[in-house]
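Participant: Contents of final_12.cif (mmCIF, C-alpha atoms) are below:
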```
data_structure
#
loop_
_atom_site.label_atom_id
_atom_site.label_comp_id
_atom_site.auth_asym_id
_atom_site.auth_seq_id
_atom_site.Cartn_x
_atom_site.Cartn_y
_atom_site.Cartn_z
CA MET A 1 13.33 -1.33 44.55
CA GLU A 2 15.96 -2.71 42.23
CA LEU A 3 13.24 -3.55 39.73
CA ILE A 4 12.26 0.12 39.48
CA GLU A 5 15.87 1.15 38.86
CA ARG A 6 16.21 -1.52 36.17
CA TYR A 7 13.01 -0.31 34.58
CA LEU A 8 14.14 3.32 34.63
CA GLN A 9 17.49 2.37 33.15
CA ALA A 10 15.76 0.49 30.32
CA VAL A 11 13.53 3.49 29.56
CA LYS A 12 16.48 5.89 29.76
CA PHE A 13 18.40 4.00 27.08
CA TRP A 14 15.86 5.04 24.40
CA LEU A 15 15.34 8.64 25.43
CA PRO A 16 16.84 11.66 23.60
CA ARG A 17 20.21 12.51 25.16
CA GLN A 18 19.40 16.09 26.22
CA GLN A 19 16.22 15.08 28.06
CA LYS A 20 17.25 11.71 29.51
CA ASP A 21 17.91 12.83 33.09
CA ASP A 22 14.97 15.18 33.30
CA ILE A 23 12.43 12.64 32.03
CA ILE A 24 13.84 9.84 34.19
CA ALA A 25 13.73 12.02 37.30
CA GLU A 26 10.08 12.81 36.68
CA LEU A 27 9.16 9.24 35.81
CA SER A 28 11.00 8.02 38.88
CA ALA A 29 9.10 10.48 41.10
CA ASP A 30 5.82 9.28 39.61
CA ILE A 31 6.59 5.57 40.12
CA TYR A 32 7.82 6.09 43.68
CA ALA A 33 4.78 8.23 44.50
CA GLN A 34 2.52 5.41 43.29
CA VAL A 35 4.46 2.83 45.31
CA GLU A 36 4.40 4.98 48.45
CA GLU A 37 0.66 5.53 48.11
CA ARG A 38 0.07 1.79 47.82
CA GLU A 39 2.33 1.11 50.79
CA THR A 40 0.46 3.69 52.91
CA ALA A 41 -2.86 2.10 51.93
CA LEU A 42 -1.65 -1.44 52.72
CA GLY A 43 0.36 -0.41 55.80
CA ARG A 44 3.41 -2.42 54.69
CA LYS A 45 6.17 -2.51 52.12
CA LEU A 46 5.22 -3.78 48.68
CA THR A 47 6.48 -7.20 47.67
CA GLU A 48 8.62 -7.57 44.56
CA ALA A 49 5.67 -9.16 42.74
CA GLU A 50 3.50 -6.11 43.52
CA VAL A 51 6.19 -3.72 42.25
CA GLU A 52 6.52 -5.89 39.17
CA GLU A 53 2.77 -5.57 38.59
CA ILE A 54 2.96 -1.75 38.84
CA LEU A 55 5.77 -1.69 36.26
CA ARG A 56 3.93 -4.07 33.96
CA GLN A 57 0.91 -1.76 34.00
CA ARG A 58 3.11 1.11 32.88
CA GLY A 59 4.13 -0.78 29.76
CA HIS A 60 7.29 -1.92 28.02
CA PRO A 61 10.23 0.49 28.54
CA LEU A 62 10.59 1.02 24.80
CA LEU A 63 6.91 1.98 24.47
CA VAL A 64 7.12 4.34 27.45
CA ALA A 65 10.25 5.99 26.02
CA ASN A 66 8.66 6.16 22.60
CA ARG A 67 5.91 8.47 23.92
CA PHE A 68 8.57 11.06 24.73
CA LEU A 69 10.26 10.85 21.34
CA PRO A 70 9.31 13.17 18.50
CA GLN A 71 7.19 11.56 15.78
CA GLU A 72 9.68 10.82 13.02
CA SER A 73 9.36 9.17 9.64
CA LEU A 74 11.55 8.94 6.57
CA ILE A 75 8.56 9.36 4.28
CA GLY A 76 5.53 11.10 5.76
CA PRO A 77 1.82 10.46 5.18
CA VAL A 78 1.66 12.89 2.23
CA PHE A 79 4.29 11.19 0.09
CA PHE A 80 3.87 7.64 1.36
CA PRO A 81 0.85 6.75 -0.87
CA ILE A 82 2.81 7.95 -3.93
CA TYR A 83 5.87 6.00 -2.82
CA ARG A 84 3.77 2.86 -2.34
CA PHE A 85 2.12 3.39 -5.74
CA VAL A 86 5.53 3.59 -7.49
CA LEU A 87 6.71 0.47 -5.65
CA LYS A 88 3.56 -1.35 -6.79
CA ILE A 89 4.25 -0.36 -10.40
CA PHE A 90 7.77 -1.76 -10.05
CA ALA A 91 6.52 -4.96 -8.40
CA PHE A 92 3.72 -5.66 -10.88
CA GLY A 93 5.40 -4.13 -13.92
CA TYR A 94 8.80 -5.73 -13.51
CA LEU A 95 9.34 -8.19 -10.63
CA LEU A 96 6.23 -10.28 -11.28
CA PRO A 97 6.61 -10.48 -15.11
CA ALA A 98 10.35 -11.23 -14.76
CA THR A 99 9.57 -14.07 -12.35
CA LEU A 100 6.80 -15.41 -14.61
CA VAL A 101 9.06 -15.32 -17.67
CA TRP A 102 11.73 -17.18 -15.69
CA ILE A 103 9.19 -19.82 -14.61
CA GLY A 104 7.92 -20.07 -18.20
CA LEU A 105 11.45 -20.53 -19.56
CA MET A 106 12.26 -23.13 -16.90
CA ILE A 107 9.13 -25.13 -17.76
CA PHE A 108 9.06 -24.88 -21.52
CA SER A 109 12.66 -24.33 -22.60
CA PRO A 110 14.84 -27.41 -21.94
CA SER A 111 18.00 -25.62 -23.09
CA TYR A 112 17.41 -22.70 -20.70
CA ARG A 113 16.54 -25.10 -17.90
CA PHE A 114 19.74 -27.06 -18.50
CA GLU A 115 21.77 -23.86 -18.62
CA GLN A 116 20.31 -22.71 -15.28
CA THR A 117 20.27 -25.99 -13.38
CA HIS A 118 23.46 -27.65 -14.63
CA ALA A 119 24.96 -27.01 -11.18
CA SER A 120 21.83 -27.57 -9.09
CA TRP A 121 18.21 -26.44 -8.73
CA PHE A 122 19.19 -24.58 -5.58
CA GLY A 123 21.77 -22.69 -7.64
CA ALA A 124 19.08 -21.79 -10.19
CA PHE A 125 16.78 -20.35 -7.51
CA ALA A 126 19.69 -18.56 -5.86
CA SER A 127 20.64 -17.05 -9.23
CA LEU A 128 17.05 -15.82 -9.81
CA PHE A 129 16.82 -14.45 -6.28
CA SER A 130 20.16 -12.65 -6.44
CA TYR A 131 19.22 -11.14 -9.82
CA LEU A 132 15.82 -9.92 -8.54
CA TRP A 133 17.35 -8.74 -5.26
CA PHE A 134 20.06 -6.79 -7.06
CA THR A 135 17.52 -5.15 -9.40
CA THR A 136 15.20 -4.39 -6.49
CA CYS A 137 18.01 -2.71 -4.56
CA LEU A 138 19.05 -0.82 -7.67
CA VAL A 139 15.52 0.60 -8.02
CA VAL A 140 14.17 0.78 -4.48
CA VAL A 141 17.18 2.36 -2.77
CA PRO A 142 17.47 5.42 -5.07
CA LEU A 143 13.66 5.67 -5.15
CA THR A 144 13.49 5.73 -1.34
CA ILE A 145 16.28 8.30 -1.15
CA ALA A 146 14.45 10.46 -3.72
CA PHE A 147 11.25 10.33 -1.65
CA VAL A 148 13.13 11.10 1.57
CA VAL A 149 14.65 14.16 -0.13
CA LEU A 150 11.19 15.19 -1.38
CA GLU A 151 9.83 14.79 2.13
CA ARG A 152 12.59 16.96 3.59
CA GLN A 153 12.16 19.62 0.90
CA GLN A 154 8.37 19.64 1.06
CA ASP A 155 8.06 22.68 3.33
CA ARG A 156 10.68 24.67 1.41
CA VAL A 157 9.53 23.95 -2.12
CA ARG A 158 5.79 23.72 -1.40
CA PHE A 159 4.95 21.24 -4.18
CA PHE A 160 1.33 21.02 -3.22
CA ASP A 161 0.70 24.77 -3.37
CA ARG A 162 1.39 24.91 -7.10
CA TRP A 163 -1.44 23.05 -8.75
CA ASN A 164 -4.24 23.78 -11.13
CA PRO A 165 -7.58 21.91 -11.24
CA ARG A 166 -7.52 22.27 -15.04
CA LYS A 167 -4.36 20.19 -15.23
CA LEU A 168 -5.88 17.22 -13.41
CA PRO A 169 -6.58 14.13 -15.58
CA VAL A 170 -9.94 14.05 -17.34
CA ALA A 171 -12.58 12.09 -15.40
CA ARG A 172 -12.74 8.69 -17.09
CA ASN A 173 -15.42 6.04 -17.13
CA PRO A 174 -13.56 2.70 -17.36
CA ASN A 175 -16.60 1.04 -18.94
CA LEU A 176 -16.76 3.57 -21.76
CA ILE A 177 -15.14 2.35 -25.00
CA PRO A 178 -13.66 5.31 -26.88
CA ARG A 179 -15.04 5.37 -30.45
CA SER A 180 -11.52 6.08 -31.73
CA THR A 181 -10.36 2.77 -30.23
CA SER A 182 -13.28 0.84 -31.73
CA SER A 183 -12.72 2.45 -35.18
CA PHE A 184 -9.04 1.56 -35.03
CA GLU A 185 -9.81 -2.03 -33.99
CA LEU A 186 -12.40 -2.36 -36.75
CA ALA A 187 -9.99 -1.05 -39.39
CA VAL A 188 -7.12 -3.27 -38.19
CA SER A 189 -9.34 -6.37 -38.04
CA LEU A 190 -10.67 -5.80 -41.56
CA ILE A 191 -7.23 -5.09 -43.04
CA PHE A 192 -5.82 -8.15 -41.26
CA PHE A 193 -8.74 -10.26 -42.49
CA LEU A 194 -8.24 -9.21 -46.12
CA TRP A 195 -4.44 -9.47 -46.03
CA PHE A 196 -4.59 -12.86 -44.30
CA ALA A 197 -7.28 -14.24 -46.62
CA PHE A 198 -5.48 -13.18 -49.81
CA ASN A 199 -1.88 -13.86 -48.85
CA LEU A 200 -1.75 -16.77 -46.44
CA HIS A 201 -4.49 -19.11 -47.66
CA SER A 202 -2.01 -21.70 -48.94
CA THR A 203 0.87 -23.63 -47.36
CA VAL A 204 3.30 -21.93 -49.72
CA VAL A 205 3.80 -18.27 -48.97
CA PRO A 206 5.70 -16.29 -51.58
CA ILE A 207 7.69 -13.32 -50.31
CA GLY A 208 8.45 -11.11 -53.25
CA LEU A 209 9.53 -12.87 -56.44
CA THR A 210 12.57 -14.75 -55.24
CA VAL A 211 11.66 -16.23 -51.83
CA ALA A 212 8.95 -18.70 -50.82
CA ILE A 213 8.24 -20.24 -47.45
CA SER A 214 6.60 -23.64 -47.28
CA LEU A 215 4.42 -24.34 -44.27
CA ASN A 216 3.27 -27.62 -42.77
CA PRO A 217 -0.29 -28.74 -43.61
CA GLN A 218 -1.18 -27.87 -39.97
CA TRP A 219 -1.02 -24.25 -41.08
CA LEU A 220 -4.53 -24.44 -42.51
CA TRP A 221 -5.94 -24.92 -38.99
CA PHE A 222 -4.21 -21.73 -37.90
CA PHE A 223 -5.33 -19.97 -41.06
CA TRP A 224 -9.04 -20.70 -40.56
CA GLY A 225 -8.77 -20.10 -36.83
CA TYR A 226 -7.29 -16.63 -37.27
CA LEU A 227 -9.68 -15.78 -40.10
CA LEU A 228 -12.60 -16.64 -37.85
CA LEU A 229 -11.13 -14.65 -34.98
CA ALA A 230 -10.57 -11.63 -37.24
CA MET A 231 -14.26 -11.76 -38.21
CA VAL A 232 -15.35 -12.02 -34.57
CA ASN A 233 -13.06 -9.14 -33.59
CA ALA A 234 -14.30 -6.97 -36.47
CA SER A 235 -17.93 -7.66 -35.47
CA LEU A 236 -17.17 -6.89 -31.81
CA ALA A 237 -15.39 -3.66 -32.75
CA GLY A 238 -18.39 -2.67 -34.94
CA LEU A 239 -20.74 -3.38 -32.05
CA ASN A 240 -18.56 -1.38 -29.67
CA LEU A 241 -18.55 1.49 -32.15
CA MET A 242 -22.36 1.60 -32.12
CA TYR A 243 -22.80 0.96 -28.39
CA PRO A 244 -19.66 2.36 -26.74
CA PHE A 245 -20.12 0.79 -23.29
CA TRP A 246 -18.81 -2.53 -22.07
CA THR A 247 -21.49 -5.03 -21.09
CA ALA A 248 -20.82 -8.32 -19.30
CA ARG A 249 -21.81 -10.26 -22.44
CA ARG A 250 -19.51 -8.34 -24.76
CA ALA A 251 -16.67 -8.45 -22.24
CA THR A 252 -17.09 -12.25 -22.05
CA LEU A 253 -17.02 -12.46 -25.84
CA ARG A 254 -13.81 -10.41 -25.84
CA LEU A 255 -12.33 -12.77 -23.23
CA LEU A 256 -13.21 -15.82 -25.35
CA SER A 257 -11.83 -14.26 -28.53
CA ASP A 258 -8.61 -13.07 -26.85
CA GLY A 259 -8.20 -16.39 -25.03
CA ALA A 260 -8.64 -18.33 -28.30
CA GLY A 261 -6.26 -15.96 -30.11
CA ALA A 262 -3.61 -16.35 -27.39
CA ALA A 263 -4.00 -20.15 -27.30
CA ILE A 264 -3.66 -20.45 -31.09
CA PHE A 265 -0.65 -18.14 -31.08
CA CYS A 266 1.07 -20.19 -28.33
CA TRP A 267 0.34 -23.40 -30.26
CA LEU A 268 1.71 -21.79 -33.43
CA MET A 269 5.00 -21.06 -31.67
CA LYS A 270 5.54 -24.73 -30.79
CA ALA A 271 4.17 -26.23 -34.01
CA ASN A 272 7.42 -26.20 -36.10
CA LEU A 273 5.33 -24.67 -38.86
CA VAL A 274 8.04 -23.80 -41.32
CA ALA A 275 8.65 -26.83 -43.53
CA GLY A 276 11.16 -25.28 -45.88
CA ILE A 277 12.50 -22.16 -47.55
CA THR A 278 13.37 -21.69 -51.16
CA ALA A 279 15.26 -18.72 -52.44
CA VAL A 280 17.56 -17.81 -55.25
CA ASN A 281 21.22 -18.31 -54.25
CA LEU A 282 20.23 -20.35 -51.16
CA SER A 283 21.71 -23.84 -51.01
CA ALA A 284 19.69 -26.78 -49.69
CA GLN A 285 21.84 -26.97 -46.58
CA GLN A 286 21.43 -23.27 -45.89
CA ALA A 287 17.66 -23.58 -46.39
CA ILE A 288 17.48 -26.46 -43.89
CA ALA A 289 19.58 -24.50 -41.37
CA MET A 290 17.41 -21.42 -41.78
CA THR A 291 14.19 -23.43 -41.46
CA GLN A 292 15.52 -25.03 -38.30
CA ALA A 293 16.61 -21.65 -36.90
CA ILE A 294 13.17 -20.06 -37.50
CA ASN A 295 11.38 -22.99 -35.84
CA ASP A 296 13.85 -22.92 -32.94
CA TRP A 297 13.40 -19.23 -32.35
CA MET A 298 9.63 -19.51 -32.49
CA SER A 299 9.85 -22.31 -29.97
CA ARG A 300 12.08 -20.23 -27.70
CA LEU A 301 9.55 -17.40 -27.77
CA PHE A 302 6.85 -19.77 -26.51
CA PRO A 303 7.21 -18.85 -22.78
CA ALA A 304 7.03 -15.16 -23.62
CA THR A 305 3.85 -15.71 -25.66
CA ILE A 306 2.32 -17.61 -22.72
CA VAL A 307 3.06 -14.70 -20.38
CA LEU A 308 1.67 -12.22 -22.91
CA GLY A 309 -1.45 -14.37 -23.37
CA LEU A 310 -1.94 -14.61 -19.60
CA VAL A 311 -1.65 -10.83 -19.24
CA ILE A 312 -4.26 -10.28 -21.98
CA VAL A 313 -6.64 -12.85 -20.48
CA ALA A 314 -6.13 -11.41 -16.97
CA THR A 315 -7.01 -7.92 -18.28
CA ASP A 316 -10.19 -9.30 -19.86
CA VAL A 317 -11.13 -11.19 -16.69
CA TYR A 318 -10.55 -8.05 -14.62
CA ARG A 319 -12.93 -6.15 -16.94
CA ILE A 320 -15.66 -8.74 -16.37
CA VAL A 321 -15.12 -8.72 -12.61
CA ARG A 322 -15.27 -4.92 -12.60
CA LEU A 323 -18.51 -4.92 -14.59
CA LYS A 324 -20.09 -7.55 -12.36
CA SER A 325 -19.08 -5.79 -9.14
CA ALA A 326 -20.36 -2.46 -10.54
CA GLY A 327 -23.64 -4.22 -11.40
CA ARG A 328 -23.90 -5.64 -7.89
CA SER A 329 -23.22 -2.29 -6.21
CA ALA A 330 -25.78 -0.59 -8.50
CA SER A 331 -28.48 -3.12 -7.60
CA MET B 1 -28.33 -9.97 18.20
CA GLN B 2 -28.01 -6.77 20.22
CA HIS B 3 -24.94 -8.25 21.90
CA MET B 4 -23.41 -9.02 18.48
CA VAL B 5 -24.03 -5.47 17.27
CA GLN B 6 -22.49 -4.14 20.50
CA THR B 7 -19.39 -6.35 20.04
CA MET B 8 -19.07 -5.32 16.40
CA ASN B 9 -19.23 -1.64 17.35
CA GLN B 10 -16.95 -1.95 20.35
CA GLU B 11 -13.66 -1.39 18.50
CA PRO B 12 -14.69 1.62 16.39
CA PHE B 13 -16.38 3.09 19.47
CA GLU B 14 -13.24 2.68 21.54
CA ASN B 15 -11.07 4.29 18.82
CA LEU B 16 -13.48 7.21 18.40
CA ARG B 17 -13.77 7.64 22.15
CA LEU B 18 -9.99 7.87 22.50
CA GLU B 19 -9.82 10.32 19.61
CA LEU B 20 -12.53 12.47 21.20
CA ARG B 21 -10.86 12.41 24.60
CA ARG B 22 -7.40 13.26 23.23
CA GLY B 23 -8.34 16.85 22.44
CA CYS B 24 -10.30 17.23 25.66
CA LEU B 25 -7.33 16.16 27.79
CA VAL B 26 -5.39 19.32 26.94
CA LEU B 27 -8.32 21.34 28.20
CA ALA B 28 -8.61 19.27 31.37
CA VAL B 29 -4.86 19.43 32.09
CA LEU B 30 -4.72 23.20 31.60
CA ALA B 31 -7.79 23.69 33.78
CA ALA B 32 -6.46 21.40 36.52
CA LEU B 33 -3.12 23.24 36.53
CA ARG B 34 -4.68 26.51 37.61
CA ARG B 35 -3.57 25.02 40.90
CA GLU B 36 0.09 23.97 41.11
CA GLN B 37 0.53 20.20 41.06
CA TYR B 38 3.12 17.60 40.18
CA GLY B 39 2.50 14.82 37.69
CA TYR B 40 1.24 12.12 40.00
CA THR B 41 -1.25 14.31 41.87
CA LEU B 42 -2.43 15.79 38.58
CA ARG B 43 -3.11 12.30 37.30
CA LYS B 44 -5.08 11.54 40.45
CA THR B 45 -7.05 14.78 40.21
CA LEU B 46 -8.04 13.99 36.64
CA SER B 47 -8.89 10.42 37.55
CA GLU B 48 -11.10 11.55 40.46
CA HIS B 49 -13.04 13.67 37.98
CA GLY B 50 -13.53 10.70 35.63
CA LEU B 51 -10.68 11.42 33.24
CA GLU B 52 -8.26 8.50 33.45
CA ILE B 53 -4.93 9.28 31.82
CA ASP B 54 -1.85 7.07 31.84
CA GLU B 55 1.56 8.51 32.62
CA GLY B 56 2.80 7.66 29.12
CA THR B 57 0.29 10.17 27.77
CA LEU B 58 0.38 12.74 30.55
CA TYR B 59 4.10 13.45 30.81
CA PRO B 60 4.76 13.94 27.08
CA LEU B 61 1.66 16.17 27.00
CA LEU B 62 2.96 18.26 29.91
CA ARG B 63 6.31 18.66 28.14
CA ARG B 64 4.61 19.71 24.94
CA LEU B 65 2.44 22.27 26.70
CA GLU B 66 5.46 23.60 28.52
CA SER B 67 7.50 23.88 25.32
CA GLN B 68 4.57 25.86 23.86
CA GLY B 69 4.77 28.25 26.81
CA LEU B 70 1.36 27.30 28.20
CA LEU B 71 2.78 25.80 31.40
CA ALA B 72 5.66 26.62 33.71
CA SER B 73 7.43 24.00 35.77
CA GLU B 74 9.80 23.90 38.70
CA TRP B 75 11.71 21.11 40.48
CA ARG B 76 11.19 21.22 44.26
CA GLU B 77 11.70 18.85 47.14
CA GLU B 78 8.59 17.57 48.88
CA ASP B 79 8.38 14.66 51.32
CA LYS B 80 12.12 14.08 50.90
CA ARG B 81 11.70 13.55 47.20
CA LYS B 82 12.36 15.91 44.29
CA LYS B 83 9.23 16.53 42.24
CA ARG B 84 8.45 18.67 39.25
CA PHE B 85 5.55 21.03 39.89
CA TYR B 86 3.52 22.45 37.04
CA LEU B 87 1.40 25.59 36.91
CA ILE B 88 -0.48 27.20 34.06
CA SER B 89 1.31 30.31 32.67
CA SER B 90 -0.45 33.62 31.95
CA GLY B 91 -0.35 32.76 28.22
CA GLY B 92 -1.75 29.33 29.06
CA ALA B 93 -4.59 30.91 31.05
CA GLN B 94 -5.56 33.04 28.05
CA VAL B 95 -5.44 30.02 25.75
CA LEU B 96 -7.51 28.04 28.26
CA ASP B 97 -10.23 30.74 28.27
CA LEU B 98 -10.36 30.68 24.47
CA LEU B 99 -10.42 26.89 24.40
CA LEU B 100 -13.22 26.77 26.99
CA ALA B 101 -15.27 29.23 24.91
CA GLU B 102 -14.63 27.03 21.87
CA TRP B 103 -15.58 23.94 23.86
CA ARG B 104 -18.90 25.52 24.93
CA SER B 105 -19.61 26.59 21.37
CA ILE B 106 -18.94 23.07 20.06
CA ASP B 107 -21.07 21.62 22.85
CA SER B 108 -24.04 23.86 22.06
CA SER B 109 -23.71 23.13 18.33
CA ILE B 110 -23.68 19.37 18.95
CA GLN B 111 -26.66 19.72 21.29
CA ALA B 112 -28.60 21.69 18.68
CA ILE B 113 -27.73 19.25 15.88
CA SER B 114 -28.61 16.17 17.90
CA LYS B 115 -31.89 17.78 19.06
CA GLU B 116 -32.77 18.64 15.46
CA HIS B 117 -31.98 15.07 14.43
CA ASN B 118 -34.13 13.65 17.25
CA HIS B 119 -37.08 15.83 16.19
CA GLY B 120 -36.57 14.68 12.61
CA THR B 121 -36.67 11.01 13.53
CA ASP B 122 -39.51 11.24 16.06
#
```
Mind converting the file's structure to structure tokens?
Facilitator:
Amino acid sequence: MELIERYLQAVKFWLPRQQKDDIIAELSADIYAQVEERETALGRKLTEAEVEEILRQRGHPLLVANRFLPQESLIGPVFFPIYRFVLKIFAFGYLLPATLVWIGLMIFSPSYRFEQTHASWFGAFASLFSYLWFTTCLVVVPLTIAFVVLERQQDRVRFFDRWNPRKLPVARNPNLIPRSTSSFELAVSLIFFLWFAFNLHSTVVPIGLTVAISLNPQWLWFFWGYLLLAMVNASLAGLNLMYPFWTARRATLRLLSDGAGAAIFCWLMKANLVAGITAVNLSAQQAIAMTQAINDWMSRLFPATIVLGLVIVATDVYRIVRLKSAGRSAS
Amino acid sequence: MQHMVQTMNQEPFENLRLELRRGCLVLAVLAALRREQYGYTLRKTLSEHGLEIDEGTLYPLLRRLESQGLLASEWREEDKRKKRFYLISSGGAQVLDLLLAEWRSIDSSIQAISKEHNHGTD
């Protein structure tokens, strides 16, 4: 019967101190009663294998002990969905974008890549991981403690007793386009169109009376591209103003226009567009240095514009998916 | 096809069955402990009446019912072995009567609803 004693000892380890002996005595009586009954039925002592089988049927000692333990949790079922929601915001709002920006910088910025990997690639990954890990700990640990405190104070403070249905958020239809948004978009697109058409139609852009920026001839491609996009966006905003519901066709048009806008903007960042600067009291050397600096900075912002473009396109794609799935569930 | 549907429904059925039985077990344990018994014999009594219950469920349940004052227990020696005998308390007997009345009321409601549904689908 050594197996039974070993089993009881293993269960006992996990039990609450005050109840250990009592529970083990009862469990022991139960196991021995079962063994004795089997032995009476068989007319002989049980073999070790048969005792082992009985113990196996009773389950792992930790599981058996666990049934006697009070149900405990740091964050209970009421607060856990909120806790998970906040963690998701942190993951998708910070960790994912930070990682994407890092990847973007590593791919498109040779100076950043050199700075990070001058020791080794492993060092670069370790540096990213330690940075993300540190930030995660800095956010998640206090957040978890705050939720644990909320959980413990729940009964005393009674958060969920003080609520008012009138203070709940207004029911929102995600496919409805607020007319205020469409009006704003229409106004912005038209102002942009006019400002762009009148001020940036040439490769020399005067700023006030004393400064002028010269742009490369490539600029005209960007100019016509953005002018066309401004017209498309103004038309789409006008349409949305008249029919304030997203349709799959209009959502696709928005995706194409946003995608084209993002692609042109990313291209613009890498195009070394500024050819020169002229200004009163600016020497030729200073003008060259400034031109170089502007082009360099635009180039450095390229990874960030890619991330921004991807976020915009992903939002548009999500809208189309949502519309299509709503259409499927309606039919 | 029928076999596939049965297999598909097996898991939810099993979960719902366990959920349904969980509440009933309290009733069965209280009723069975109108006669004094220790854990192992109680488990056998329930099993003989078609209510299988494993010791990992029974003993914590007995402790809970005892801590709620619905059962009383006592350690005694029987067949050269110390055993803990349980018996329903007077408070437990009152609760059992109320629970049985509730059980019958639920049963008659379910009967009536399922009859109504059967008439509706006939």
Participant: Evaluate the PyMOL selection byres ((chain B) within 12 of (chain A)) against this structure - the residues, as a VMD selection string, please.
Facilitator: chain B and resid 38 to 44 53 to 64 73 to 86
Participant: Could the residues in this selection be written to a file with C-alpha atoms, as a short mmCIF file (atom, residue, chain, number, x, y, z; two decimals), in the coordinates of the input?
Facilitator:
```
data_model
loop_
_atom_site.label_atom_id
_atom_site.label_comp_id
_atom_site.auth_asym_id
_atom_site.auth_seq_id
_atom_site.Cartn_x
_atom_site.Cartn_y
_atom_site.Cartn_z
CA TYR B 38 3.12 17.60 40.18
CA GLY B 39 2.50 14.82 37.69
CA TYR B 40 1.24 12.12 40.00
CA THR B 41 -1.25 14.31 41.87
CA LEU B 42 -2.43 15.79 38.58
CA ARG B 43 -3.11 12.30 37.30
CA LYS B 44 -5.08 11.54 40.45
CA ILE B 53 -4.93 9.28 31.82
CA ASP B 54 -1.85 7.07 31.84
CA GLU B 55 1.56 8.51 32.62
CA GLY B 56 2.80 7.66 29.12
CA THR B 57 0.29 10.17 27.77
CA LEU B 58 0.38 12.74 30.55
CA TYR B 59 4.10 13.45 30.81
CA PRO B 60 4.76 13.94 27.08
CA LEU B 61 1.66 16.17 27.00
CA LEU B 62 2.96 18.26 29.91
CA ARG B 63 6.31 18.66 28.14
CA ARG B 64 4.61 19.71 24.94
CA SER B 73 7.43 24.00 35.77
CA GLU B 74 9.80 23.90 38.70
CA TRP B 75 11.71 21.11 40.48
CA ARG B 76 11.19 21.22 44.26
CA GLU B 77 11.70 18.85 47.14
CA GLU B 78 8.59 17.57 48.88
CA ASP B 79 8.38 14.66 51.32
CA LYS B 80 12.12 14.08 50.90
CA ARG B 81 11.70 13.55 47.20
CA LYS B 82 12.36 15.91 44.29
CA LYS B 83 9.23 16.53 42.24
CA ARG B 84 8.45 18.67 39.25
CA PHE B 85 5.55 21.03 39.89
CA TYR B 86 3.52 22.45 37.04
#
```
Participant: At what distance in Å, to one decimal, does atom CA of A:Cys266 lie from atom CA of A:Ile306?
Facilitator: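 Separation between atom CA of A:Ile306 and atom CA of A:Cys266: 6.3 Å.
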Participant: Hey, can you check how far atom CA of B:Val26 sits from atom CA of B:Leu99?
Facilitator: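 Between atom CA of B:Val26 and atom CA of B:Leu99 the gap is 9.4 Å.
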Participant: Quote the spacing between atom CA of B:Gln68 and atom CA of B:Gly92 in Å to one decimal place.
Facilitator: 8.9 Å
Participant: As AutoDock Vina command-line options, please report the centre and edge lengths, rounded to one decimal in Å, of the axis-aligned box that holds all listed atoms of stretch 81-89 of chain B with 3 Å of padding on each of the six sides.
Facilitator:
```
--center_x 5.9 --center_y 21.9 --center_z 39.9 --size_x 18.8 --size_y 22.8 --size_z 20.5
```
